[in-house]
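S.K.: First the structure, which I've put down as structure tokens, then a few questions once you've had a look.
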Amino acid sequence: MSSNRSGLPPRRQNHNRSTKKAVKKKKKSSGIRTFFKMLLTVMIVAIIGAGLYAGYLIYTTDQVIDATGTSETVAPEKSAKVKPLTMLLLGTDYRPETGTHLSDVMMVVAMNPNTKSATVVSLPRDTKLELDGYKTNKINAFYPNFLVAEKKSGIPAEQEMKTMMSKFFDTSIDYVTVINFQGFRDIVDALGGVDVNVDANMCYRDRADGTDINLKKGAQHLNGEDALGYVRYRKSNCSPKTKGSDDFDRNRRQNEVLHALIDQAKSLNGVLGAGKVIQSVGKNLETDLESEQMKNLISAYWNISKENVDFMPITGDWKSPYVYLHQDELDAAKQALKDELAGTKQPAQEENAAEAADGSLND
């Protein structure tokens, strides 16, 4: 087993037979801290990119997959090639400088191999979660709390998140993937940067963790560090101050960058950077996906079109310290996930959802 070079907690080991059966033991990957709200968040980027590689890239991909996923076998009828799947994607704010594990990015993805499509539902990080069996809290606080509780219970925090979010969305979630900010930066850089239209001047600096966001409005080609700042930007502490941003603005920007990354992954830079992308994902990823299933995903979705990836950011109203979700949007998102799995989905209306945001969020 490889040493832990990522600063992440050591891979959890289950202490009883029943838990071990219920939770697949995960093989530790080194690193974490990605963004992946942006993944089919970059899972899709990696999957899309993986389909472009040949020769040594296939060898590199296999090596990373075998080192990242679990060793369990996958029954033929449960293969991603034939069975629609759901995945919880968490983008944590973990950094060695801070040691925190807040899940600032939270998405549920439903994928259907028959329609070669996916639906991605995202939640604001300050969402108020009220659910039977759980203490009311901001949704991004549950993962770090589960990490603390894991030391006593032996149940992996990722498994607890998957159980909770399955109940919240009334849809069984098959897998969970945690990725951190460093992985996102590495992926963008491996693809040669990303082109975005920065919607406003953005300036924020924090010496404690090294954050330095200083972006100008207009078309920009951003490296990994600046792209991360673009999708994370929330408020300004500069002089003169720049306009603040809310969770819904960030969700929109994250989806914008995701689409741009998908384009980039299919470009020449994507082909040339493919090996680095796969390695970045492997170093900054924690998942209960089996290695065999990862390969099934690549086989099933390598040529997915970004037009077939529908984003549904759920919005709500801010009343400190929570975001109260719009119930109609939440209900529509739940149904969209079920329709995706059933192969009967209607096109997502992301623009309408974005326009439904009312007011701005404050810290």
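Each chain of the structure tokens is named A, B, ... in the order shown, its residues numbered from 1; ligands are numbered from 1 in display order.
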Taking the chain letters and numbering used in this document, name the residues of segment 55-294 of chain A that DSSP puts in strand (DSSP E or B), as JSON, numbers by chain.
M.R.: {"A": [70, 85, 86, 87, 88, 89, 90, 91, 92, 103, 104, 105, 106, 107, 108, 109, 110, 111, 112, 117, 118, 119, 120, 121, 122, 127, 128, 129, 137, 138, 175, 176, 177, 178, 179, 180, 194, 195, 196, 197, 198, 202, 203, 204, 205, 206, 211, 212, 213, 214, 215, 218, 219, 220, 221, 222, 285, 286, 287, 290]}
S.K.: Create the file for the chosen residues now, containing C-alpha atoms and written as a short mmCIF file (atom, residue, chain, number, x, y, z; two decimals), in the first residue's frame.
M.R.:
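See again39.cif below for the written result:
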```
data_model
loop_
_atom_site.label_atom_id
_atom_site.label_comp_id
_atom_site.auth_asym_id
_atom_site.auth_seq_id
_atom_site.Cartn_x
_atom_site.Cartn_y
_atom_site.Cartn_z
CA THR A 70 -11.17 -0.79 -5.36
CA LEU A 85 -25.68 4.80 -12.29
CA THR A 86 -25.72 7.61 -9.77
CA MET A 87 -22.73 9.23 -8.10
CA LEU A 88 -22.33 11.77 -5.31
CA LEU A 89 -19.53 14.21 -6.08
CA LEU A 90 -17.96 16.22 -3.27
CA GLY A 91 -15.44 19.00 -3.81
CA THR A 92 -13.75 19.66 -0.49
CA SER A 103 -17.71 20.13 1.05
CA ASP A 104 -18.02 23.44 -0.77
CA VAL A 105 -19.11 21.61 -3.91
CA MET A 106 -21.89 19.04 -3.82
CA MET A 107 -23.40 17.37 -6.87
CA VAL A 108 -25.43 14.28 -7.62
CA VAL A 109 -24.91 12.83 -11.09
CA ALA A 110 -27.16 10.33 -12.86
CA MET A 111 -25.69 8.69 -15.97
CA ASN A 112 -27.43 6.54 -18.56
CA SER A 117 -26.40 11.34 -21.29
CA ALA A 118 -26.06 12.63 -17.75
CA THR A 119 -27.93 14.91 -15.36
CA VAL A 120 -25.94 16.88 -12.80
CA VAL A 121 -27.80 18.39 -9.83
CA SER A 122 -25.90 20.84 -7.63
CA THR A 127 -28.22 24.82 2.03
CA LYS A 128 -30.19 24.16 5.20
CA LEU A 129 -30.62 20.41 5.49
CA ASN A 137 -27.07 22.03 9.73
CA LYS A 138 -25.54 23.58 6.62
CA TYR A 175 -21.00 5.64 -5.66
CA VAL A 176 -19.31 8.58 -4.01
CA THR A 177 -16.24 10.50 -5.15
CA VAL A 178 -14.34 13.15 -3.19
CA ILE A 179 -11.95 15.45 -5.01
CA ASN A 180 -10.07 18.55 -3.89
CA VAL A 194 -9.29 27.24 -19.99
CA ASP A 195 -11.05 30.05 -21.87
CA VAL A 196 -13.84 31.83 -19.98
CA ASN A 197 -15.64 35.15 -20.13
CA VAL A 198 -15.07 36.64 -16.68
CA MET A 202 -12.91 39.99 -8.85
CA CYS A 203 -10.40 40.68 -6.09
CA TYR A 204 -9.85 38.80 -2.83
CA ARG A 205 -6.68 38.02 -0.89
CA ASP A 206 -6.06 35.82 2.15
CA THR A 211 -5.55 32.82 -1.81
CA ASP A 212 -4.94 35.62 -4.33
CA ILE A 213 -7.86 36.26 -6.68
CA ASN A 214 -7.35 39.21 -9.00
CA LEU A 215 -9.34 38.90 -12.22
CA GLY A 218 -13.73 40.13 -20.09
CA ALA A 219 -12.55 37.15 -22.13
CA GLN A 220 -9.64 35.45 -20.37
CA HIS A 221 -7.43 32.39 -20.74
CA LEU A 222 -7.00 31.16 -17.17
CA LEU A 285 -9.35 11.46 -5.78
CA GLU A 286 -11.01 9.29 -3.18
CA THR A 287 -13.75 6.97 -4.39
CA GLU A 290 -14.18 -0.36 -8.44
#
```
S.K.: Of the residues A:Phe169, A:Phe142, A:Tyr301, A:Tyr233, which is the one nearest to Asp126 of chain A, using only C-alpha atoms?
M.R.: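 The answer is A:Phe142, which sits nearest to Asp126 of chain A.
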S.K.: Just list the residues in segment 105-320 of chain A DSSP gives alpha helix (DSSP H) on the backbone, as an MDAnalysis selection string.
M.R.: chainID A and resid 142:153 157:169 181:190 224:232 247:265 268:272 274:283 291:301
S.K.: Write out, as a PDB file, in the first residue's frame, the residues just selected, with C-alpha atoms.
M.R.:
```pdb
ATOM      1  CA  PHE A 142     -21.869  17.153   7.350  1.00  0.00           C
ATOM      2  CA  TYR A 143     -18.810  15.644   5.668  1.00  0.00           C
ATOM      3  CA  PRO A 144     -16.253  17.005   8.179  1.00  0.00           C
ATOM      4  CA  ASN A 145     -18.585  16.016  11.028  1.00  0.00           C
ATOM      5  CA  PHE A 146     -18.804  12.495   9.643  1.00  0.00           C
ATOM      6  CA  LEU A 147     -15.002  12.391   9.421  1.00  0.00           C
ATOM      7  CA  VAL A 148     -14.812  13.107  13.151  1.00  0.00           C
ATOM      8  CA  ALA A 149     -17.520  10.547  13.982  1.00  0.00           C
ATOM      9  CA  GLU A 150     -15.768   7.943  11.831  1.00  0.00           C
ATOM     10  CA  LYS A 151     -12.990   7.630  14.391  1.00  0.00           C
ATOM     11  CA  LYS A 152     -15.492   6.086  16.815  1.00  0.00           C
ATOM     12  CA  SER A 153     -17.974   4.369  14.513  1.00  0.00           C
ATOM     13  CA  ALA A 157     -17.578   9.507   6.129  1.00  0.00           C
ATOM     14  CA  GLU A 158     -18.073   8.991   2.404  1.00  0.00           C
ATOM     15  CA  GLN A 159     -20.488   6.145   3.063  1.00  0.00           C
ATOM     16  CA  GLU A 160     -22.408   8.291   5.559  1.00  0.00           C
ATOM     17  CA  MET A 161     -22.699  11.077   2.976  1.00  0.00           C
ATOM     18  CA  LYS A 162     -23.933   8.639   0.344  1.00  0.00           C
ATOM     19  CA  THR A 163     -26.579   7.277   2.717  1.00  0.00           C
ATOM     20  CA  MET A 164     -27.757  10.753   3.729  1.00  0.00           C
ATOM     21  CA  MET A 165     -27.938  12.149   0.217  1.00  0.00           C
ATOM     22  CA  SER A 166     -29.752   9.051  -1.064  1.00  0.00           C
ATOM     23  CA  LYS A 167     -32.420   9.791   1.516  1.00  0.00           C
ATOM     24  CA  PHE A 168     -32.457  13.514   0.704  1.00  0.00           C
ATOM     25  CA  PHE A 169     -32.950  12.979  -3.043  1.00  0.00           C
ATOM     26  CA  PHE A 181      -9.001  21.930  -5.213  1.00  0.00           C
ATOM     27  CA  GLN A 182      -5.432  20.924  -6.025  1.00  0.00           C
ATOM     28  CA  GLY A 183      -6.710  18.308  -8.432  1.00  0.00           C
ATOM     29  CA  PHE A 184      -8.788  20.914 -10.234  1.00  0.00           C
ATOM     30  CA  ARG A 185      -5.821  23.237 -10.625  1.00  0.00           C
ATOM     31  CA  ASP A 186      -3.669  20.396 -11.936  1.00  0.00           C
ATOM     32  CA  ILE A 187      -6.311  19.312 -14.448  1.00  0.00           C
ATOM     33  CA  VAL A 188      -6.787  22.802 -15.876  1.00  0.00           C
ATOM     34  CA  ASP A 189      -3.023  23.221 -16.203  1.00  0.00           C
ATOM     35  CA  ALA A 190      -2.650  19.783 -17.795  1.00  0.00           C
ATOM     36  CA  GLY A 224      -5.458  26.366 -12.922  1.00  0.00           C
ATOM     37  CA  GLU A 225      -4.938  28.789 -10.039  1.00  0.00           C
ATOM     38  CA  ASP A 226      -6.921  31.598 -11.662  1.00  0.00           C
ATOM     39  CA  ALA A 227      -9.670  29.244 -12.821  1.00  0.00           C
ATOM     40  CA  LEU A 228     -10.058  28.029  -9.236  1.00  0.00           C
ATOM     41  CA  GLY A 229     -10.276  31.623  -8.051  1.00  0.00           C
ATOM     42  CA  TYR A 230     -12.907  32.361 -10.703  1.00  0.00           C
ATOM     43  CA  VAL A 231     -15.224  29.581  -9.584  1.00  0.00           C
ATOM     44  CA  ARG A 232     -14.607  30.124  -5.847  1.00  0.00           C
ATOM     45  CA  ASP A 247     -23.706  30.651  -4.351  1.00  0.00           C
ATOM     46  CA  PHE A 248     -25.856  30.796  -7.455  1.00  0.00           C
ATOM     47  CA  ASP A 249     -23.307  32.906  -9.332  1.00  0.00           C
ATOM     48  CA  ARG A 250     -20.626  30.400  -8.366  1.00  0.00           C
ATOM     49  CA  ASN A 251     -22.753  27.472  -9.534  1.00  0.00           C
ATOM     50  CA  ARG A 252     -23.213  29.190 -12.895  1.00  0.00           C
ATOM     51  CA  ARG A 253     -19.483  29.879 -13.223  1.00  0.00           C
ATOM     52  CA  GLN A 254     -18.611  26.330 -12.219  1.00  0.00           C
ATOM     53  CA  ASN A 255     -20.881  24.950 -14.924  1.00  0.00           C
ATOM     54  CA  GLU A 256     -19.356  27.383 -17.427  1.00  0.00           C
ATOM     55  CA  VAL A 257     -15.858  26.149 -16.616  1.00  0.00           C
ATOM     56  CA  LEU A 258     -16.968  22.518 -16.712  1.00  0.00           C
ATOM     57  CA  HIS A 259     -18.293  22.963 -20.238  1.00  0.00           C
ATOM     58  CA  ALA A 260     -15.059  24.698 -21.250  1.00  0.00           C
ATOM     59  CA  LEU A 261     -13.017  21.857 -19.745  1.00  0.00           C
ATOM     60  CA  ILE A 262     -15.008  19.298 -21.702  1.00  0.00           C
ATOM     61  CA  ASP A 263     -14.220  21.222 -24.896  1.00  0.00           C
ATOM     62  CA  GLN A 264     -10.574  21.456 -23.893  1.00  0.00           C
ATOM     63  CA  ALA A 265     -10.380  17.744 -23.101  1.00  0.00           C
ATOM     64  CA  LEU A 268      -5.362  18.976 -29.145  1.00  0.00           C
ATOM     65  CA  ASN A 269      -4.271  20.229 -25.735  1.00  0.00           C
ATOM     66  CA  GLY A 270      -6.560  17.645 -24.202  1.00  0.00           C
ATOM     67  CA  VAL A 271      -4.904  14.869 -26.164  1.00  0.00           C
ATOM     68  CA  LEU A 272      -1.410  16.090 -25.341  1.00  0.00           C
ATOM     69  CA  ALA A 274      -4.314  13.426 -21.307  1.00  0.00           C
ATOM     70  CA  GLY A 275      -1.703  11.559 -19.298  1.00  0.00           C
ATOM     71  CA  LYS A 276      -1.339  14.446 -16.856  1.00  0.00           C
ATOM     72  CA  VAL A 277      -5.117  14.737 -16.510  1.00  0.00           C
ATOM     73  CA  ILE A 278      -5.464  11.078 -15.601  1.00  0.00           C
ATOM     74  CA  GLN A 279      -2.566  11.317 -13.166  1.00  0.00           C
ATOM     75  CA  SER A 280      -4.029  14.470 -11.586  1.00  0.00           C
ATOM     76  CA  VAL A 281      -7.359  12.768 -11.054  1.00  0.00           C
ATOM     77  CA  GLY A 282      -5.652   9.729  -9.567  1.00  0.00           C
ATOM     78  CA  LYS A 283      -3.598  11.768  -7.123  1.00  0.00           C
ATOM     79  CA  SER A 291     -11.255  -0.167 -10.861  1.00  0.00           C
ATOM     80  CA  GLU A 292     -13.211  -2.375 -13.231  1.00  0.00           C
ATOM     81  CA  GLN A 293     -16.197  -0.015 -13.037  1.00  0.00           C
ATOM     82  CA  MET A 294     -13.987   2.980 -13.799  1.00  0.00           C
ATOM     83  CA  LYS A 295     -12.974   1.282 -17.009  1.00  0.00           C
ATOM     84  CA  ASN A 296     -16.614   0.507 -17.724  1.00  0.00           C
ATOM     85  CA  LEU A 297     -17.425   4.202 -17.299  1.00  0.00           C
ATOM     86  CA  ILE A 298     -14.693   5.173 -19.738  1.00  0.00           C
ATOM     87  CA  SER A 299     -15.965   2.648 -22.249  1.00  0.00           C
ATOM     88  CA  ALA A 300     -19.569   3.825 -21.868  1.00  0.00           C
ATOM     89  CA  TYR A 301     -19.091   7.596 -21.800  1.00  0.00           C
TER      90      TYR A 301
END
```
S.K.: So how far away is atom CA of Gln335 of chain A from atom CA of Thr171 of chain A, in Å?
M.R.: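 These atoms are spaced 9.4 Å apart.
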S.K.: What does the distance between atom CA of Leu131 of chain A and atom CA of Asp317 of chain A come to in Å, to one decimal place?
M.R.: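 So the answer is 18.7 Å.
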S.K.: As an exercise, work out the distance from atom CA of Lys217 of chain A to atom CA of Leu191 of chain A in Å and give it to one decimal place.
M.R.: 22.7 Å
S.K.: Between A:Asn114, A:Ser239, A:Asn201, A:Ser79, which has the minimum distance to Asp174 of chain A (counting only C-alpha atoms)?
M.R.: A:Ser79
